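Structure data (compact mmCIF, C-alpha atoms and all ligand atoms) from my_file11.txt:
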```
# COMPACT_ATOMS: atom_id res chain seq x y z
CA MET I 157 13.56 -8.79 18.52
CA SER I 158 13.20 -5.37 17.11
CA GLN I 159 15.26 -2.96 19.30
CA LYS I 160 12.81 -0.21 18.63
CA GLY I 161 13.13 3.15 20.27
CA ARG I 162 10.74 5.91 21.16
CA ARG I 163 7.24 5.88 19.72
CA LEU I 164 7.06 8.72 17.20
CA TYR I 165 3.61 8.57 15.65
CA GLU I 166 0.47 6.47 15.72
CA GLY I 167 -1.64 6.34 12.57
CA LYS I 168 -4.90 4.53 11.88
CA ALA I 169 -3.32 1.20 10.96
CA LYS I 170 0.35 1.53 11.92
CA ILE I 171 2.64 2.82 14.67
CA LEU I 172 6.08 4.31 13.95
CA TYR I 173 9.01 3.96 16.34
CA GLU I 174 12.57 5.20 16.20
CA GLY I 175 14.73 2.52 14.61
CA PRO I 176 17.92 0.95 15.96
CA GLU I 177 20.12 3.25 13.86
CA PRO I 178 19.80 6.92 12.91
CA GLY I 179 17.77 7.34 9.75
CA THR I 180 15.72 4.21 10.36
CA LEU I 181 12.23 3.59 11.73
CA VAL I 182 10.37 0.52 12.92
CA VAL I 183 6.82 0.23 11.55
CA HIS I 184 4.33 -1.81 13.57
CA PHE I 185 1.25 -3.08 11.72
CA LYS I 186 -1.87 -2.95 13.93
CA ASP I 187 -5.01 -5.05 13.59
CA ASP I 188 -7.11 -1.87 13.53
CA ALA I 189 -9.32 -1.38 10.49
CA THR I 190 -10.77 2.05 9.76
CA ALA I 191 -12.74 3.50 6.88
CA PHE I 192 -14.40 6.76 5.91
CA ASN I 193 -11.69 8.83 7.56
CA GLY I 194 -11.78 6.85 10.78
CA GLU I 195 -15.57 6.98 11.25
CA LYS I 196 -15.84 3.19 11.00
CA PHE I 197 -13.53 1.19 13.26
CA GLU I 198 -12.97 -2.44 14.15
CA VAL I 199 -10.12 -4.58 15.40
CA ILE I 200 -9.65 -7.49 13.00
CA GLU I 201 -7.33 -10.05 14.52
CA GLY I 202 -4.58 -11.13 12.14
CA LYS I 203 -4.89 -8.24 9.66
CA GLY I 204 -1.63 -6.56 10.73
CA VAL I 205 0.41 -9.74 10.36
CA LEU I 206 -0.97 -10.36 6.87
CA ASN I 207 -0.42 -6.77 5.70
CA ASN I 208 3.14 -6.75 7.06
CA ARG I 209 3.93 -9.92 5.10
CA ILE I 210 2.15 -8.92 1.87
CA SER I 211 3.64 -5.42 1.89
CA GLU I 212 7.14 -6.85 2.53
CA TYR I 213 6.70 -9.13 -0.48
CA ILE I 214 5.47 -6.38 -2.81
CA PHE I 215 8.12 -3.84 -1.76
CA THR I 216 10.83 -6.48 -2.19
CA ARG I 217 9.64 -7.36 -5.70
CA LEU I 218 9.41 -3.65 -6.61
CA GLY I 219 12.93 -3.09 -5.25
CA GLU I 220 14.15 -5.87 -7.51
CA ILE I 221 12.88 -4.07 -10.61
CA GLY I 222 14.63 -0.88 -9.55
CA ILE I 223 11.89 1.06 -7.77
CA PRO I 224 13.55 2.94 -4.89
CA THR I 225 11.67 2.17 -1.68
CA ALA I 226 11.97 2.97 2.03
CA PHE I 227 11.63 -0.71 2.94
CA ILE I 228 14.71 -2.39 4.47
CA LYS I 229 13.51 -5.68 5.95
CA ARG I 230 10.76 -7.37 7.91
CA LEU I 231 11.76 -7.79 11.55
CA ASN I 232 9.03 -10.06 12.87
CA MET I 233 5.35 -10.88 12.41
CA ARG I 234 4.17 -7.32 12.93
CA GLU I 235 7.16 -5.09 12.36
CA GLN I 236 9.42 -3.93 9.58
CA LEU I 237 12.53 -1.79 9.46
CA VAL I 238 12.38 1.12 7.00
CA ARG I 239 14.47 4.13 6.06
CA LYS I 240 13.25 7.36 7.58
CA VAL I 241 11.80 9.61 4.89
CA GLU I 242 9.82 12.82 4.83
CA ILE I 243 6.39 11.83 3.59
CA ILE I 244 5.14 13.85 0.62
CA PRO I 245 1.59 14.75 1.74
CA LEU I 246 -0.19 13.04 -1.15
CA GLU I 247 -2.19 9.86 -1.59
CA VAL I 248 -1.41 8.77 -5.13
CA ILE I 249 -4.25 6.65 -6.46
CA VAL I 250 -4.08 4.55 -9.61
CA ARG I 251 -7.30 3.28 -11.15
CA ASN I 252 -7.50 0.59 -13.83
CA VAL I 253 -11.18 -0.27 -13.40
CA ALA I 254 -13.96 1.95 -12.05
CA ALA I 255 -14.72 1.35 -8.36
CA GLY I 256 -15.17 3.32 -5.16
CA SER I 257 -15.17 7.09 -5.11
CA ILE I 258 -14.68 7.61 -8.86
CA CYS I 259 -18.01 5.87 -9.49
CA LYS I 260 -19.87 8.35 -7.29
CA ARG I 261 -17.94 11.33 -8.58
CA LEU I 262 -18.29 10.61 -12.29
CA GLY I 263 -21.40 8.40 -12.39
CA LEU I 264 -19.54 5.27 -13.50
CA LYS I 265 -20.64 1.70 -12.91
CA GLU I 266 -18.47 -0.40 -10.62
CA GLY I 267 -16.40 -2.79 -12.71
CA GLU I 268 -16.46 -0.63 -15.85
CA PRO I 269 -13.01 -0.69 -17.42
CA LEU I 270 -11.53 2.80 -17.68
CA PRO I 271 -10.36 4.08 -21.09
CA ARG I 272 -6.84 4.01 -19.66
CA SER I 273 -5.20 3.86 -16.27
CA ILE I 274 -5.80 7.07 -14.37
CA ILE I 275 -3.66 8.65 -11.66
CA GLU I 276 -5.40 10.81 -9.06
CA TYR I 277 -3.99 12.71 -6.10
CA CYS I 278 -5.50 13.42 -2.70
CA PHE I 279 -3.96 15.92 -0.29
CA LYS I 280 -3.18 14.04 2.92
CA ASP I 281 -5.09 15.99 5.55
CA ASP I 282 -7.48 14.12 7.83
CA ALA I 283 -9.19 17.33 8.99
CA LEU I 284 -10.11 18.08 5.37
CA GLY I 285 -10.97 14.44 4.59
CA ASP I 286 -8.04 14.00 2.14
CA PRO I 287 -9.52 16.05 -0.72
CA LEU I 288 -8.90 15.25 -4.38
CA VAL I 289 -6.45 17.77 -5.85
CA ALA I 290 -4.90 18.50 -9.24
CA GLU I 291 -1.23 18.64 -10.19
CA GLU I 292 -1.61 22.43 -10.25
CA HIS I 293 -2.45 22.49 -6.54
CA ILE I 294 0.46 20.20 -5.73
CA THR I 295 3.09 22.39 -7.31
CA ALA I 296 1.42 25.74 -6.51
CA PHE I 297 1.26 24.94 -2.79
CA ASN I 298 4.66 23.28 -2.97
CA TRP I 299 3.50 19.93 -1.56
CA ALA I 300 5.88 18.49 -4.13
CA THR I 301 8.20 20.14 -6.64
CA PRO I 302 7.56 19.69 -10.38
CA ARG I 303 10.62 17.41 -10.44
CA GLU I 304 9.23 15.27 -7.60
CA LEU I 305 5.84 15.11 -9.26
CA ASP I 306 7.55 13.92 -12.40
CA ASP I 307 9.35 11.19 -10.40
CA ILE I 308 6.04 10.23 -8.77
CA VAL I 309 4.26 9.83 -12.12
CA GLN I 310 7.08 7.82 -13.70
CA LEU I 311 7.42 5.52 -10.68
CA THR I 312 3.66 5.13 -10.31
CA ILE I 313 3.25 4.02 -13.93
CA ARG I 314 5.99 1.41 -13.50
CA ILE I 315 4.52 0.22 -10.21
CA ASN I 316 1.07 -0.15 -11.77
CA ASP I 317 2.42 -2.07 -14.77
CA PHE I 318 4.40 -4.43 -12.57
CA LEU I 319 1.69 -5.01 -9.96
CA THR I 320 -1.03 -5.50 -12.58
CA GLY I 321 1.05 -8.34 -14.04
CA LEU I 322 2.03 -9.75 -10.66
CA PHE I 323 -1.61 -10.01 -9.55
CA ALA I 324 -2.88 -11.20 -12.95
CA GLY I 325 -0.42 -14.07 -12.61
CA ILE I 326 -2.28 -15.26 -9.52
CA GLY I 327 -5.77 -14.70 -10.92
CA ILE I 328 -6.37 -11.32 -9.30
CA ARG I 329 -7.45 -8.08 -11.02
CA LEU I 330 -5.72 -5.00 -9.64
CA VAL I 331 -8.68 -2.62 -9.79
CA ASP I 332 -7.05 0.34 -8.04
CA PHE I 333 -4.57 1.16 -5.30
CA LYS I 334 -3.12 3.96 -3.24
CA ILE I 335 0.57 4.62 -2.69
CA GLU I 336 2.64 7.22 -0.91
CA PHE I 337 6.08 8.62 -1.57
CA GLY I 338 8.74 10.15 0.61
CA ARG I 339 11.88 12.25 0.36
CA GLU I 340 14.99 10.41 1.34
CA TYR I 341 17.81 12.75 2.35
CA MET I 342 20.97 10.99 1.22
CA PRO I 343 24.32 11.39 3.05
CA ASP I 344 25.76 13.23 0.01
CA GLY I 345 23.11 15.95 0.32
CA MET I 346 20.99 14.62 -2.55
CA VAL I 347 17.26 14.06 -2.08
CA ARG I 348 15.52 11.20 -3.82
CA THR I 349 11.87 10.27 -4.20
CA VAL I 350 11.12 6.81 -2.81
CA LEU I 351 8.06 4.63 -2.45
CA ALA I 352 7.03 4.57 1.22
CA ASP I 353 4.17 3.42 3.48
CA GLU I 354 2.60 0.06 2.55
CA ILE I 355 0.99 -1.79 -0.35
CA SER I 356 -1.49 -4.34 0.98
CA PRO I 357 -5.13 -5.35 0.59
CA ASP I 358 -5.87 -2.37 2.89
CA SER I 359 -4.68 0.00 0.19
CA CYS I 360 -5.69 -1.84 -3.00
CA ARG I 361 -8.86 -3.17 -4.61
CA LEU I 362 -8.22 -6.76 -5.59
CA TRP I 363 -10.89 -8.84 -7.33
CA ASP I 364 -10.71 -12.52 -8.13
CA MET I 365 -10.55 -12.67 -11.93
CA LYS I 366 -12.94 -15.60 -12.27
CA THR I 367 -15.56 -14.92 -9.60
CA GLY I 368 -15.19 -11.18 -9.05
CA GLU I 369 -14.92 -11.85 -5.31
CA LYS I 370 -13.46 -8.93 -3.38
CA LEU I 371 -10.17 -9.77 -1.68
CA ASP I 372 -9.52 -6.37 -0.06
CA LYS I 373 -10.63 -3.83 2.54
CA ASP I 374 -13.96 -3.25 0.78
CA ARG I 375 -15.03 -6.39 2.70
CA PHE I 376 -14.76 -4.25 5.85
CA ARG I 377 -15.98 -0.96 4.32
CA ARG I 378 -19.12 -2.72 3.04
CA ASP I 379 -19.69 -5.00 6.06
CA MET I 380 -19.22 -8.13 3.98
CA GLY I 381 -17.16 -10.06 6.58
CA GLY I 382 -14.43 -12.53 5.72
CA LEU I 383 -11.63 -9.97 5.59
CA VAL I 384 -8.95 -12.16 7.15
CA ASP I 385 -9.89 -15.09 4.89
CA ALA I 386 -9.63 -12.81 1.85
CA TYR I 387 -6.22 -11.36 2.86
CA THR I 388 -5.04 -14.89 3.67
CA GLU I 389 -6.07 -15.97 0.17
CA VAL I 390 -4.03 -13.13 -1.36
CA ALA I 391 -1.01 -14.13 0.76
CA ARG I 392 -1.50 -17.80 -0.15
CA ARG I 393 -1.63 -17.07 -3.89
CA LEU I 394 1.51 -14.96 -3.57
CA GLY I 395 3.15 -18.07 -2.10
CA LEU I 396 3.61 -16.52 1.35
CA ILE I 397 1.67 -19.08 3.39
CA ASN I 398 0.51 -22.68 3.07
CA GLY I 399 -2.97 -23.54 1.89
CA ASN I 400 -4.08 -24.08 5.47
CA GLY I 401 -2.97 -20.59 6.46
CA SER I 402 -0.46 -21.98 8.94
CA GLY I 403 2.39 -19.73 7.82
CA GLY I 404 5.78 -20.33 6.26
CA PRO I 405 6.73 -20.41 2.61
CA HIS I 406 5.54 -23.09 0.20
CA PRO I 407 7.79 -26.12 0.38
CA LYS I 408 9.65 -26.31 -2.91
CA PRO I 409 8.87 -29.39 -5.00
CA LYS I 410 11.72 -31.89 -4.75
CA LEU I 411 13.42 -33.16 -7.87
CA VAL I 412 12.99 -36.90 -7.97
CA LYS I 413 15.79 -38.63 -9.85
CA GLY I 414 15.71 -41.96 -11.67
P1 LIG C 501 -11.46 5.36 -3.33
O1 LIG C 501 -12.19 4.71 -4.45
O2 LIG C 501 -12.20 5.28 -2.01
O3 LIG C 501 -11.04 6.76 -3.67
O4 LIG C 501 -10.12 4.53 -3.10
C1 LIG C 501 -9.21 4.30 -4.15
C2 LIG C 501 -8.12 3.34 -3.69
O5 LIG C 501 -7.32 3.91 -2.68
C3 LIG C 501 -8.64 2.04 -3.10
O6 LIG C 501 -7.80 0.99 -3.53
C4 LIG C 501 -8.52 2.20 -1.63
C5 LIG C 501 -7.36 3.14 -1.48
N1 LIG C 501 -7.50 4.06 -0.36
C6 LIG C 501 -6.59 4.02 0.68
O7 LIG C 501 -5.69 3.18 0.69
N2 LIG C 501 -6.74 4.92 1.68
C7 LIG C 501 -7.71 5.85 1.72
O8 LIG C 501 -7.78 6.64 2.66
C8 LIG C 501 -8.65 5.88 0.62
C9 LIG C 501 -9.77 6.88 0.61
C10 LIG C 501 -8.49 4.98 -0.38
N1 LIG C 502 -8.02 4.56 5.45
C1 LIG C 502 -9.07 5.56 5.45
C2 LIG C 502 -9.72 5.66 6.81
O1 LIG C 502 -9.32 5.11 7.76
C3 LIG C 502 -10.11 5.36 4.39
C4 LIG C 502 -10.30 4.05 3.71
O2 LIG C 502 -9.37 3.28 3.54
O3 LIG C 502 -11.44 3.80 3.28
O4 LIG C 502 -10.69 6.29 7.03
```

Before anything else, please render the file you have as structure tokens.
Ligand code: TMP
Ligand code: ASP
Amino acid sequence: MSQKGRRLYEGKAKILYEGPEPGTLVVHFKDDATAFNGEKFEVIEGKGVLNNRISEYIFTRLGEIGIPTAFIKRLNMREQLVRKVEIIPLEVIVRNVAAGSICKRLGLKEGEPLPRSIIEYCFKDDALGDPLVAEEHITAFNWATPRELDDIVQLTIRINDFLTGLFAGIGIRLVDFKIEFGREYMPDGMVRTVLADEISPDSCRLWDMKTGEKLDKDRFRRDMGGLVDAYTEVARRLGLINGNGSGGPHPKPKLVKG
């Protein structure tokens, strides 16, 4: 099991515990769904397990292409081991297609392709409702240094390119997503910027390319139902569970000789 230590922090969808070794944490994925800064709340059985698995998969793939991440390994159905980082207080949002808050803000129609991918930043502060901020605010208030912001932009562009292709390969349009970064204090005194938190259908908009069906948390935000089925479909297409949702990787096809 997970040898987790003291509980350090409980967020809206996850709980953080001290990890088994210094510099590590155990992240527990809850079934809690919230939206609109916690105003809307529901427990959706199975969501945490799916997000843990999907986020593990995505962080592993990103690690393989050289994106530094805080992820170490999945421990069990609901928990993963991660490196302890200092979270940079920004929600970094990438938009490829207009949806959600940008539609309201700029009068765009949902589904309208954007002229190019756009990166936005929100200052992580629940009391303020995570306001949209500009790069100027970020460096002026020292939420991140210019160097860190540069790392964030470069990494975010690579992450968007990779994930757009990954999802397109399974018939899903990556409409937008939110990521977070942290500072990892290395033993040699260096600090590096790493991808942290999670990437899951809770933090992305994912639309089926053929039907336009929503396969993400908008199903909850908009009271559409079917959230677990949608997340299960994403996991199934990524090859993480069998068609019947019973868990376990796809059996590999056997080579038949003769
Ligand atoms: P938005 O359109 O509501 O600004 O959301 C943009 C993307 O960021 C969308 O994929 C959902 C994700 N997101 C989060 O993960 N957490 C949040 O708190 C918010 C507001 C959005
Ligand atoms: N996660 C945020 C909340 O709990 C907002 C959202 O995802 O819509 O309120």

(message) Show me which residues are within 12 Å of ligand LIG 502 (chain C) counting all atoms listed in the file, and format the list as a count of residues only.
(response) 45

Find the smallest box with edges along x, y and z containing every listed atom of ligand LIG 501 (chain C), then add 4 Å on each side and report centre and edge lengths in Å to one decimal, as lines of an AutoDock Vina configuration file.
```
center_x = -8.9
center_y = 3.9
center_z = -0.9
size_x = 14.5
size_y = 13.9
size_z = 15.1
```

(message) Excluding Asp385 (chain I) and its own-chain neighbours fewer than 6 positions away, which residues fall within 10 Å of it when counting all atoms listed in the file? Please give them as a list in words.
(response)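 Final neighbour list, sorted by chain and number: Gly202, Lys203, Leu371, Ala391 and Gly401 of chain I.
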
(request) Find the residues around Ala324 (chain I) up to 12 Å (all atoms listed in the file counted), leave out those fewer than 6 positions away in its own chain, and share them as an MDAnalysis selection string. (result) chainID I and resid 316:318 330:331 362:366 390 393:394

(request) Between CA of His184 (chain I) and CA of Val238 (chain I), measure the distance and give it in Å to one decimal. (result) 10.8 Å

(message) Calculated over only C-alpha atoms, which of the candidates I:Leu288, I:Ile171, I:Ala255, I:Val309 has the smallest distance to Ile275 (chain I)?
(response) I:Val309

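Interatomic distance, CA of Ile243 (chain I) to CA of Asp353 (chain I): 8.7 Å.
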
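Here CA of Arg339 (chain I) and CA of Val250 (chain I) stand 20.3 Å from one another.
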
(message) I'd like to know which of I:Gly368, I:Gly325, I:Gly267, I:Gly345 is closest to ligand LIG 501 (chain C), using all atoms listed in the file.
(response)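 Nearest to ligand LIG 501 (chain C): I:Gly267.
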
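For the set I:Arg329, I:Arg217, I:Arg239, I:Lys160, the residue with the smallest atom-to-atom gap to ligand LIG 501 (chain C) is I:Arg329, counting all atoms listed in the file.
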
(request) Can you work out which one of I:Ile294, I:Ile355, I:Ala300, I:Ile214 has the shortest atom-to-atom distance to ligand LIG 501 (chain C), counting only C-alpha atoms and all ligand atoms? (result) I:Ile355

(message) Let me make sure I understand: among I:Val253, I:Val384, I:Val289, I:Lys370, which one has the smallest atom-to-atom distance to Thr320 (chain I) if we use only C-alpha atoms?
(response) I:Val253

(message) Just checking: using only C-alpha atoms and all ligand atoms, which residue out of I:Glu292, I:Glu369, I:Glu166, I:Asp332 ends up closest to ligand LIG 501 (chain C)?
(response)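 Under the stated criterion, the closest residue is I:Asp332.
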
(message) At a cut-off of 8 Å, using only C-alpha atoms, what residues contact Ala254 (chain I)? Leave out same-chain residues fewer than 6 positions from it and give the result as a list of chain:residue names.
(response)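 These residues fall inside the cut-off: I:Leu264, I:Lys265, I:Glu266, I:Gly267, I:Glu268, I:Pro269, I:Leu270, I:Val331.
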
(message) Every residue with an atom at most 9 Å from (10.2, 7.6, 1.3) (file coordinates; only C-alpha atoms) is what I'm after, so could you write them as a ChimeraX atom specification?
(response) /I:224-227,238-244,336-340,348-353

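The shell of residues at most 12 Å from Pro343 (chain I), with all atoms listed in the file counted and near chain neighbours (fewer than 4 positions) removed, consists of Pro178, Gly179, Val347 and Arg348 of chain I.
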